[in-house]
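Q: So that you have it, the file is target33.cif, and it contains mmCIF, C-alpha atoms:
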```cif
data_entry
#
loop_
_atom_site.label_atom_id
_atom_site.label_comp_id
_atom_site.auth_asym_id
_atom_site.auth_seq_id
_atom_site.Cartn_x
_atom_site.Cartn_y
_atom_site.Cartn_z
CA MET A 1 29.33 69.36 25.00
CA THR A 2 26.69 68.72 22.41
CA ARG A 3 29.23 67.37 19.89
CA GLN A 4 30.78 65.07 22.51
CA PHE A 5 27.36 63.83 23.50
CA ILE A 6 26.50 63.13 19.84
CA LYS A 7 29.82 61.29 19.35
CA LYS A 8 29.25 59.18 22.48
CA GLY A 9 25.71 58.42 21.34
CA SER A 10 26.86 57.39 17.86
CA CYS A 11 29.57 55.16 19.34
CA LEU A 12 27.08 53.59 21.69
CA LEU A 13 24.68 53.01 18.79
CA ARG A 14 27.44 51.35 16.75
CA CYS A 15 28.30 49.08 19.65
CA VAL A 16 24.65 48.08 20.02
CA GLN A 17 24.38 47.39 16.30
CA MET A 18 27.58 45.31 16.32
CA ARG A 19 26.37 43.27 19.28
CA ARG A 20 23.01 42.81 17.63
CA SER A 21 24.57 41.64 14.38
CA LEU A 22 26.84 39.27 16.32
CA LEU A 23 23.86 37.88 18.21
CA ILE A 24 21.90 37.43 14.98
CA SER A 25 24.80 35.59 13.36
CA GLN A 26 25.07 33.30 16.38
CA VAL A 27 21.34 32.58 16.25
CA ILE A 28 21.58 31.87 12.52
CA ASP A 29 24.48 29.46 13.07
CA PHE A 30 22.55 27.71 15.84
CA ASN A 31 19.47 27.45 13.65
CA ALA A 32 21.46 26.01 10.78
CA HIS A 33 23.15 23.50 13.07
CA ALA A 34 19.83 22.47 14.66
CA LEU A 35 18.14 22.08 11.28
CA LEU A 36 21.09 20.06 9.98
CA SER A 37 20.95 17.77 13.01
CA MET A 38 17.22 17.22 12.46
CA GLU A 39 17.78 16.38 8.79
CA ASN A 40 20.60 13.99 9.70
CA LEU A 41 18.31 12.24 12.19
CA ILE A 42 15.65 11.85 9.51
CA TYR A 43 18.14 10.43 6.99
CA ILE A 44 19.63 8.03 9.55
CA ILE A 45 16.20 6.54 10.25
CA THR A 46 14.61 6.62 6.80
CA VAL A 47 17.43 5.83 4.34
CA PRO A 48 18.00 2.19 5.47
CA LEU A 49 14.24 1.61 5.64
CA SER A 50 13.72 3.26 2.25
CA THR A 51 16.48 1.16 0.68
CA SER A 52 15.01 -2.10 1.97
CA ILE A 53 11.52 -1.13 0.73
CA ILE A 54 12.83 -0.27 -2.73
CA LEU A 55 14.89 -3.47 -3.07
CA ALA A 56 12.09 -5.73 -1.81
CA ASN A 57 9.57 -4.17 -4.19
CA LEU A 58 11.96 -4.55 -7.11
CA VAL A 59 12.40 -8.25 -6.27
CA ILE A 60 8.62 -8.83 -6.18
CA ILE A 61 8.04 -6.79 -9.36
CA LEU A 62 10.72 -8.85 -11.10
CA GLY A 63 9.05 -12.06 -9.90
CA ILE A 64 5.66 -11.05 -11.29
CA SER A 65 7.14 -9.83 -14.58
CA CYS A 66 9.17 -13.00 -15.19
CA ASN A 67 6.34 -15.45 -14.47
CA ARG A 68 3.75 -15.44 -17.27
CA GLN A 69 1.29 -17.40 -15.16
CA LEU A 70 1.01 -14.35 -12.92
CA HIS A 71 0.00 -12.03 -15.76
CA ASN A 72 -3.64 -11.60 -14.77
CA THR A 73 -5.84 -8.83 -13.41
CA PRO A 74 -5.40 -9.52 -9.65
CA ASN A 75 -1.62 -9.49 -9.99
CA TYR A 76 -1.80 -6.34 -12.12
CA PHE A 77 -3.55 -4.64 -9.21
CA PHE A 78 -0.87 -5.92 -6.89
CA LEU A 79 1.77 -4.70 -9.35
CA SER A 80 0.23 -1.24 -9.23
CA LEU A 81 0.42 -1.40 -5.43
CA LEU A 82 4.09 -2.38 -5.63
CA VAL A 83 4.82 0.57 -7.91
CA ALA A 84 3.05 2.91 -5.48
CA ASP A 85 4.96 1.37 -2.57
CA LEU A 86 8.22 1.74 -4.49
CA CYS A 87 7.48 5.44 -5.04
CA THR A 88 6.59 5.78 -1.35
CA GLY A 89 9.93 4.21 -0.46
CA VAL A 90 11.70 6.74 -2.67
CA ALA A 91 9.77 9.63 -1.07
CA LEU A 92 10.07 8.26 2.47
CA PRO A 93 13.11 10.40 3.46
CA PHE A 94 11.32 13.53 2.27
CA ILE A 95 8.00 13.02 4.08
CA PRO A 96 9.34 13.75 7.61
CA LEU A 97 11.15 16.80 6.20
CA MET A 98 7.74 18.42 5.75
CA GLY A 99 7.68 18.91 9.51
CA LEU A 100 10.71 21.24 9.32
CA ASN A 101 10.70 24.90 8.33
CA ARG A 102 12.93 25.65 5.36
CA GLU A 103 13.70 28.54 3.03
CA LEU A 104 12.12 27.69 -0.33
CA SER A 105 10.22 29.55 -3.00
CA PHE A 106 6.48 29.19 -3.39
CA GLY A 107 6.66 26.68 -6.26
CA SER A 108 9.38 24.57 -4.65
CA CYS A 109 7.54 24.55 -1.35
CA LEU A 110 4.38 23.28 -3.03
CA VAL A 111 6.27 20.53 -4.84
CA VAL A 112 8.13 19.20 -1.77
CA HIS A 113 4.83 19.01 0.14
CA ILE A 114 2.29 17.99 -2.51
CA PHE A 115 4.26 15.30 -4.36
CA PRO A 116 5.12 13.11 -1.31
CA ASN A 117 1.55 13.50 -0.07
CA PHE A 118 0.22 12.37 -3.44
CA LEU A 119 2.47 9.27 -3.44
CA PHE A 120 1.33 8.38 0.07
CA LEU A 121 -2.38 8.75 -0.79
CA ALA A 122 -1.90 6.77 -4.03
CA PHE A 123 -0.21 4.00 -2.05
CA LEU A 124 -3.10 3.89 0.42
CA SER A 125 -5.66 3.90 -2.41
CA ASN A 126 -3.93 0.98 -4.16
CA LEU A 127 -3.74 -0.91 -0.88
CA VAL A 128 -7.50 -0.54 -0.36
CA MET A 129 -8.15 -1.70 -3.92
CA VAL A 130 -5.99 -4.83 -3.52
CA HIS A 131 -7.65 -5.76 -0.22
CA TYR A 132 -11.12 -5.15 -1.69
CA GLU A 133 -10.38 -7.29 -4.74
CA ARG A 134 -9.17 -10.20 -2.61
CA TYR A 135 -12.04 -9.71 -0.19
CA ILE A 136 -14.61 -10.10 -2.98
CA CYS A 137 -12.76 -13.20 -4.18
CA ILE A 138 -13.37 -14.87 -0.81
CA VAL A 139 -16.77 -13.47 0.13
CA ASN A 140 -18.44 -13.80 -3.27
CA PRO A 141 -16.35 -16.14 -5.44
CA LEU A 142 -19.13 -16.90 -7.96
CA HIS A 143 -19.29 -13.26 -9.09
CA TYR A 144 -15.57 -12.66 -8.79
CA ASN A 145 -14.79 -12.83 -12.52
CA THR A 146 -17.65 -10.46 -13.37
CA LEU A 147 -16.43 -7.60 -11.20
CA TRP A 148 -16.31 -4.19 -12.83
CA MET A 149 -12.62 -3.84 -11.93
CA HIS A 150 -11.81 -6.95 -13.96
CA ARG A 151 -13.82 -5.82 -16.96
CA ASN A 152 -12.46 -2.24 -16.84
CA PHE A 153 -8.94 -2.56 -15.51
CA SER A 154 -7.81 0.79 -16.93
CA LEU A 155 -10.76 2.53 -15.26
CA ALA A 156 -9.88 0.91 -11.93
CA LEU A 157 -6.28 2.12 -12.24
CA LEU A 158 -7.55 5.59 -13.07
CA ILE A 159 -9.73 5.54 -9.95
CA VAL A 160 -6.91 4.55 -7.59
CA TRP A 161 -4.42 7.10 -8.97
CA THR A 162 -6.42 10.16 -10.06
CA PRO A 163 -8.38 11.08 -6.86
CA PRO A 164 -5.20 11.08 -4.71
CA LEU A 165 -3.56 13.38 -7.25
CA LEU A 166 -6.52 15.75 -7.31
CA PHE A 167 -6.86 15.88 -3.53
CA ALA A 168 -3.14 16.34 -2.93
CA SER A 169 -3.09 19.15 -5.53
CA LEU A 170 -5.78 21.21 -3.80
CA PRO A 171 -3.17 23.47 -2.11
CA ALA A 172 -1.77 24.27 -5.56
CA PHE A 173 -5.25 25.35 -6.67
CA GLY A 174 -5.53 27.88 -3.85
CA TRP A 175 -6.44 25.96 -0.72
CA ASN A 176 -3.36 27.02 1.26
CA ASN A 177 -2.24 29.54 3.85
CA TRP A 178 0.54 31.09 1.83
CA SER A 179 -1.07 34.53 1.83
CA GLY A 180 -2.67 34.13 5.25
CA PRO A 181 -2.48 36.80 7.92
CA ASP A 182 0.22 37.10 10.57
CA TRP A 183 2.95 34.94 9.05
CA ASN A 184 5.71 36.97 10.66
CA ASN A 185 6.12 34.15 13.16
CA CYS A 186 5.89 31.41 10.55
CA CYS A 187 9.21 29.88 11.40
CA GLU A 188 8.91 30.74 15.06
CA SER A 189 6.00 28.35 15.54
CA THR A 190 8.30 25.41 16.14
CA GLN A 191 9.12 25.34 19.81
CA THR A 192 12.06 22.99 19.49
CA LEU A 193 13.96 25.18 17.04
CA PRO A 194 14.54 28.92 17.09
CA PRO A 195 13.39 30.92 14.05
CA LEU A 196 15.33 30.17 10.90
CA SER A 197 17.47 32.79 9.24
CA ASN A 198 15.62 35.33 7.10
CA CYS A 199 12.30 33.52 7.57
CA SER A 200 10.63 36.38 9.33
CA ALA A 201 12.27 38.96 7.11
CA ASN A 202 11.48 37.29 3.79
CA LEU A 203 8.05 35.75 3.94
CA THR A 204 8.21 34.28 0.45
CA SER A 205 11.16 32.06 1.42
CA CYS A 206 9.67 30.60 4.60
CA CYS A 207 8.42 27.14 3.64
CA SER A 208 6.32 25.43 6.28
CA TYR A 209 3.68 22.71 6.06
CA LYS A 210 1.29 25.12 7.80
CA ARG A 211 1.59 27.50 4.86
CA VAL A 212 0.82 24.71 2.36
CA PHE A 213 -1.76 22.63 4.25
CA PRO A 214 -4.51 24.43 6.20
CA ASN A 215 -5.77 22.75 9.35
CA ALA A 216 -9.07 21.89 7.64
CA PHE A 217 -7.15 20.12 4.86
CA ILE A 218 -5.13 18.09 7.39
CA TYR A 219 -8.21 17.10 9.38
CA LEU A 220 -10.05 16.10 6.20
CA GLU A 221 -7.14 13.97 4.99
CA VAL A 222 -6.56 12.24 8.33
CA TYR A 223 -10.13 11.65 9.51
CA GLY A 224 -11.89 11.69 6.14
CA LEU A 225 -9.51 9.59 4.00
CA VAL A 226 -6.66 7.88 5.85
CA LEU A 227 -8.41 6.64 8.99
CA PRO A 228 -11.53 5.32 7.15
CA ALA A 229 -9.26 3.52 4.67
CA ILE A 230 -7.33 1.82 7.50
CA LEU A 231 -10.57 0.83 9.25
CA PHE A 232 -11.96 -0.47 5.96
CA ILE A 233 -8.88 -2.66 5.44
CA ALA A 234 -9.03 -3.91 9.03
CA GLY A 235 -12.76 -4.68 8.68
CA MET A 236 -12.25 -6.66 5.45
CA THR A 237 -9.37 -8.60 7.01
CA GLY A 238 -11.44 -9.47 10.08
CA ARG A 239 -14.38 -10.52 7.89
CA VAL A 240 -12.13 -12.81 5.85
CA LEU A 241 -10.77 -14.44 9.00
CA TRP A 242 -14.32 -14.96 10.29
CA ILE A 243 -15.41 -16.58 7.00
CA THR A 244 -12.31 -18.77 7.00
CA ARG A 245 -13.09 -19.89 10.52
CA GLY A 246 -16.64 -20.87 9.52
CA GLN A 247 -15.48 -22.77 6.44
CA MET A 248 -12.89 -24.62 8.50
CA LYS A 249 -15.56 -25.68 10.99
CA ASP A 250 -17.71 -26.98 8.11
CA ILE A 251 -14.77 -28.98 6.77
CA CYS A 252 -14.08 -30.48 10.18
CA ARG A 253 -17.78 -31.34 10.63
CA LEU A 254 -17.90 -33.09 7.25
CA HIS A 255 -14.69 -34.92 8.01
CA ARG A 256 -16.10 -36.23 11.29
CA SER A 257 -19.35 -37.31 9.65
CA VAL A 258 -17.44 -39.29 7.04
CA GLU A 259 -15.20 -41.00 9.57
CA ARG A 260 -18.04 -41.27 12.12
CA GLY A 261 -15.83 -40.22 15.00
CA ASN A 262 -16.24 -37.67 17.75
CA GLN A 263 -12.57 -36.98 18.43
CA ALA A 264 -10.56 -34.54 16.36
CA SER A 265 -8.30 -36.23 13.84
CA ASP A 266 -4.77 -35.25 12.92
CA GLN A 267 -6.04 -33.43 9.84
CA GLU A 268 -8.41 -31.31 11.95
CA GLN A 269 -5.62 -30.46 14.33
CA ARG A 270 -3.43 -29.39 11.41
CA LEU A 271 -6.24 -27.20 10.09
CA ASN A 272 -6.72 -25.59 13.49
CA LEU A 273 -2.99 -25.04 13.83
CA ARG A 274 -2.80 -23.47 10.37
CA TYR A 275 -5.70 -21.15 11.14
CA THR A 276 -4.10 -20.17 14.45
CA ARG A 277 -0.87 -19.35 12.67
CA CYS A 278 -2.80 -17.27 10.14
CA VAL A 279 -4.53 -15.29 12.89
CA VAL A 280 -1.25 -14.74 14.72
CA ALA A 281 0.48 -13.61 11.50
CA VAL A 282 -2.32 -11.17 10.67
CA SER A 283 -2.37 -9.81 14.23
CA LEU A 284 1.39 -9.33 14.34
CA THR A 285 1.34 -7.67 10.92
CA PHE A 286 -1.35 -5.25 12.07
CA LEU A 287 0.48 -4.47 15.31
CA ALA A 288 3.84 -4.00 13.60
CA CYS A 289 2.68 -2.12 10.51
CA TRP A 290 -0.51 -0.23 11.34
CA VAL A 291 -0.32 0.57 15.05
CA PRO A 292 2.87 2.72 14.74
CA TYR A 293 1.25 4.76 12.00
CA LEU A 294 -1.98 5.20 13.98
CA ILE A 295 0.06 6.41 16.94
CA TYR A 296 2.00 8.83 14.72
CA MET A 297 -1.19 10.11 13.12
CA HIS A 298 -2.87 11.03 16.40
CA VAL A 299 0.33 12.38 17.97
CA SER A 300 0.91 14.63 14.95
CA ILE A 301 -2.65 15.95 15.26
CA ALA A 302 -2.01 16.66 18.94
CA PHE A 303 1.24 18.47 18.07
CA LEU A 304 -0.65 20.44 15.44
CA ILE A 305 -3.12 21.61 18.07
CA ILE A 306 -0.42 22.64 20.55
CA ASP A 307 1.71 24.12 17.73
CA LYS A 308 4.71 21.83 18.12
CA GLY A 309 5.27 20.36 14.67
CA GLY A 310 9.04 20.08 14.44
CA SER A 311 9.78 18.17 17.65
CA ILE A 312 12.12 15.21 17.70
CA THR A 313 9.30 12.94 18.92
CA ASN A 314 7.10 13.84 15.97
CA ILE A 315 9.95 13.32 13.51
CA VAL A 316 10.87 9.89 14.90
CA LEU A 317 7.22 8.80 14.94
CA SER A 318 6.71 9.99 11.36
CA CYS A 319 9.75 8.06 10.13
CA THR A 320 8.77 4.83 11.87
CA GLY A 321 5.02 5.15 11.32
CA ILE A 322 5.06 5.80 7.58
CA GLY A 323 7.91 3.33 7.08
CA SER A 324 6.09 0.56 8.93
CA MET A 325 2.94 1.10 6.87
CA ALA A 326 4.97 0.91 3.66
CA VAL A 327 6.12 -2.57 4.72
CA VAL A 328 2.58 -4.03 4.29
CA PRO A 329 2.93 -4.79 0.52
CA MET A 330 6.34 -6.34 1.22
CA VAL A 331 4.74 -8.73 3.71
CA LEU A 332 1.98 -9.62 1.24
CA GLY A 333 4.46 -10.13 -1.59
CA LEU A 334 7.22 -12.00 0.20
CA ALA A 335 4.67 -14.39 1.72
CA ASN A 336 3.78 -15.62 -1.80
CA LYS A 337 6.40 -18.04 -3.12
CA GLN A 338 5.35 -17.43 -6.71
CA TYR A 339 6.46 -13.80 -6.44
CA THR A 340 9.86 -14.60 -4.94
CA GLN A 341 10.64 -17.75 -6.94
CA PRO A 342 12.56 -15.99 -9.79
CA ALA A 343 14.73 -14.14 -7.28
CA PHE A 344 15.52 -17.39 -5.43
CA LYS A 345 16.39 -19.09 -8.72
CA LEU A 346 18.74 -16.26 -9.60
CA LEU A 347 20.41 -16.47 -6.19
CA ARG A 348 20.81 -20.22 -6.58
CA LYS A 349 22.52 -19.73 -9.93
CA PHE A 350 24.99 -17.28 -8.42
CA ARG A 351 25.57 -19.62 -5.50
CA ASP A 352 26.19 -22.63 -7.78
CA ARG A 353 28.60 -20.64 -9.95
CA TRP A 354 30.43 -19.41 -6.87
CA ARG A 355 30.76 -22.93 -5.54
CA ALA A 356 31.89 -24.23 -8.95
CA ARG A 357 34.61 -21.61 -9.15
CA GLY A 358 35.69 -22.40 -5.60
CA SER A 359 35.93 -26.13 -6.39
CA GLU A 360 37.91 -25.45 -9.58
CA GLU A 361 40.37 -23.24 -7.73
CA ALA A 362 40.72 -25.88 -5.00
CA ALA A 363 41.40 -28.55 -7.64
CA ILE A 364 44.08 -26.40 -9.27
#
```
Take the structure I supplied and represent it as C-alpha cells, if you would.
A:
Amino acid sequence: MTRQFIKKGSCLLRCVQMRRSLLISQVIDFNAHALLSMENLIYIITVPLSTSIILANLVIILGISCNRQLHNTPNYFFLSLLVADLCTGVALPFIPLMGLNRELSFGSCLVVHIFPNFLFLAFLSNLVMVHYERYICIVNPLHYNTLWMHRNFSLALLIVWTPPLLFASLPAFGWNNWSGPDWNNCCESTQTLPPLSNCSANLTSCCSYKRVFPNAFIYLEVYGLVLPAILFIAGMTGRVLWITRGQMKDICRLHRSVERGNQASDQEQRLNLRYTRCVVAVSLTFLACWVPYLIYMHVSIAFLIIDKGGSITNIVLSCTGIGSMAVVPMVLGLANKQYTQPAFKLLRKFRDRWRARGSEEAAI
C-alpha cells in the first residue's frame, strides 16, 4: 500500500509539474506576443515621423552649409539645434521603448535609457539657446553683437551639450534603483502586460526604466528642467510678440502723423494683417507642437504614480508628444526661405532635366 501510494503521489506530482511547465510556456508566449505587438505599435507611429524629421533637418542643414552668407554665429546655433533635432529623430523610435520591460544586461539597459534621454535634453537645451539668442536680438539689439555667446561660441556650445550629458549620466554614476529592494516584481509592475519571461527569476536581465531612473530623478527632470525650459520659451515668444505689437503701433502712429489722416491706410491694414498671421502661426505652432508633449508629460507622471507605465495610452502619447516637439526646429527652418533655397534649386534642376528628357523623347 505504501509503495502504491508513493507511486500515485509521484505520478500526481509529475502531472502537476507538466501542467505548470505548460502554463509557464503559454504565459511566456503570450508575453512575447504582447511585447512584440507593443514594439510594432511604436515603430508604426514613430518610424514615419522619425524619417520626416531626419530628411527635413538634412535639407535645412544642407541649405545653411551651401549658403556662405548664412555662415555666422546665429546660424551656427541653429545648426547645432538641427544636429540635436536630427539625433532626436534618430532616437525617436527608441524613446517610447523605455516604457517597456525587456531582458537586457546592466550596461545595455543603461545605454538604451541614458543615451536617448541625453539626446532629448540636448535638443531642449539647444532650443532654449536659439530662442534666447533671437530674443536678445529683438529686445536689446544695440548690445546684440557684444553678447558673451557671440564672443565665446565654443563655450556656448559646451554649455548646451555638456550639462544634458552630465545629468542624463547620473544613473550610470550610481543614482539608480538597480540594486534596490523588492525587485522580484520588477516586470510585474506593468498592469497591461503579464510578467516577462525570466524577469522575476533573473533579476540582472530585467531592464525597466524604474530600475534606471528613480522617481526623484524623473520628478527633477520633468519639473526642474523640462517644464521650466518650455515655460521660458513660451515667455520669450510672448514677450517678442508684445514688443512687435508695440513697434507696429508706433509705426502706424508715425505713418498717420506724416499723412495727417485719422483713418487707417492700406499699409496699416497690411501690417495688422501680417501681425495677425504671425500670432495665429505662433499659436498654432504652440498648440500643435507643445501641447501634445505637455499632455504626455503629465499623463506619464500620473501613470508613474499609479504604477501603469507600459499602457497603450502612455506609449501613443509618448510617440506623438516627443515627435511633435521635435517638429519645432523644422517649422523654424522651413519658414526661412534662405535655408530651403538650395534644396528648391536642386529640385528645379531635376525637374528641368526631367522635362528636357521628356521633350527630347517626344521629338524623337
Q: Enumerate, as a VMD selection string, the residues matched when the PyMOL selection byres ((chain A and resi 284-293) around 12) is run on the file above.
A: chain A and resid 124 222 226 to 227 229 to 231 233 to 235 237 to 238 277 to 283 294 to 300 314 316 to 332 335
Q: Could you tell me which residues the PyMOL selection byres ((chain A and resi 167) around 10) returns for this structure, as a list of chain:residue names?
A: A:Ile114, A:Asn117, A:Phe118, A:Leu121, A:Thr162, A:Pro163, A:Pro164, A:Leu165, A:Leu166, A:Ala168, A:Ser169, A:Leu170, A:Pro171, A:Phe217, A:Glu221
Q: Counting only C-alpha atoms, write as a PyMOL selection string all protein and nucleic acid residues lying at most 12 Å from (-4.2, -25.9, 12.3) in the file's frame.
A: chain A and resi 245+248-249+252+264-280
Q: On this structure, which residues satisfy the PyMOL selection byres ((chain A and resi 110) around 9), written as a PyMOL selection string?
A: chain A and resi 105-109+111-115+169+171-172+207+212
Q: Find, counting all atoms listed in the file, the residue in A:Val160, A:Ile44, A:Val90, A:Ala84 that gets nearest to Ile61 of chain A.
A: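 Closest residue, counting all atoms listed in the file: A:Ala84.
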Q: Could you jot down the atom CA of Ile54 of chain A to atom CA of Ser80 of chain A separation for me, Å, one decimal place?
A: 14.2 Å
Q: Please provide the set of residues having any atom within 12 Å of segment 72-75 of chain A, restricted to all atoms listed in the file, with same-chain residues fewer than 5 positions apart removed, written as number ranges by chain.
A: A: 60-61, 63-65, 67, 80-82, 126, 129-137, 144-154, 156-157, 332-333, 336, 338-339
Q: Extract, using all atoms listed in the file, all DNA, RNA and protein residues at most 9 Å from Thr88 of chain A, discarding same-chain residues fewer than 3 positions from it, and format them as a PyMOL selection string.
A: chain A and resi 50+53-54+83-85+91-92+116+119-120+122-123+323+326
Q: Taking only C-alpha atoms into account, name the residue in A:Leu104, A:Phe77, A:Ser359, A:His255 that is nearest to Leu158 of chain A.
A: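 Nearest candidate to Leu158 of chain A out of A:Leu104, A:Phe77, A:Ser359, A:His255: A:Phe77.
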Q: What gap, in Å, lies between atom CA of Pro48 of chain A and atom CA of Lys210 of chain A?
A: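 Computing it gives 28.5 Å between the two atoms.
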Q: So what do you get for atom CA of Ile312 of chain A versus atom CA of Asn101 of chain A, distance-wise?
A: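 Calculated distance between atom CA of Ile312 of chain A and atom CA of Asn101 of chain A is 13.6 Å.
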Q: Using only C-alpha atoms, which residue out of A:Phe78, A:Phe344, A:Tyr209, A:Phe94 lies closest to Asn40 of chain A?
A: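 Residue with the minimum atom-to-atom distance to Asn40 of chain A: A:Phe94.
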Q: Counting all atoms listed in the file, which residue out of A:Ile42, A:Val139, A:Arg102, A:Arg211 sits closest to Trp242 of chain A?
A: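 Closest to Trp242 of chain A, using all atoms listed in the file: A:Val139.
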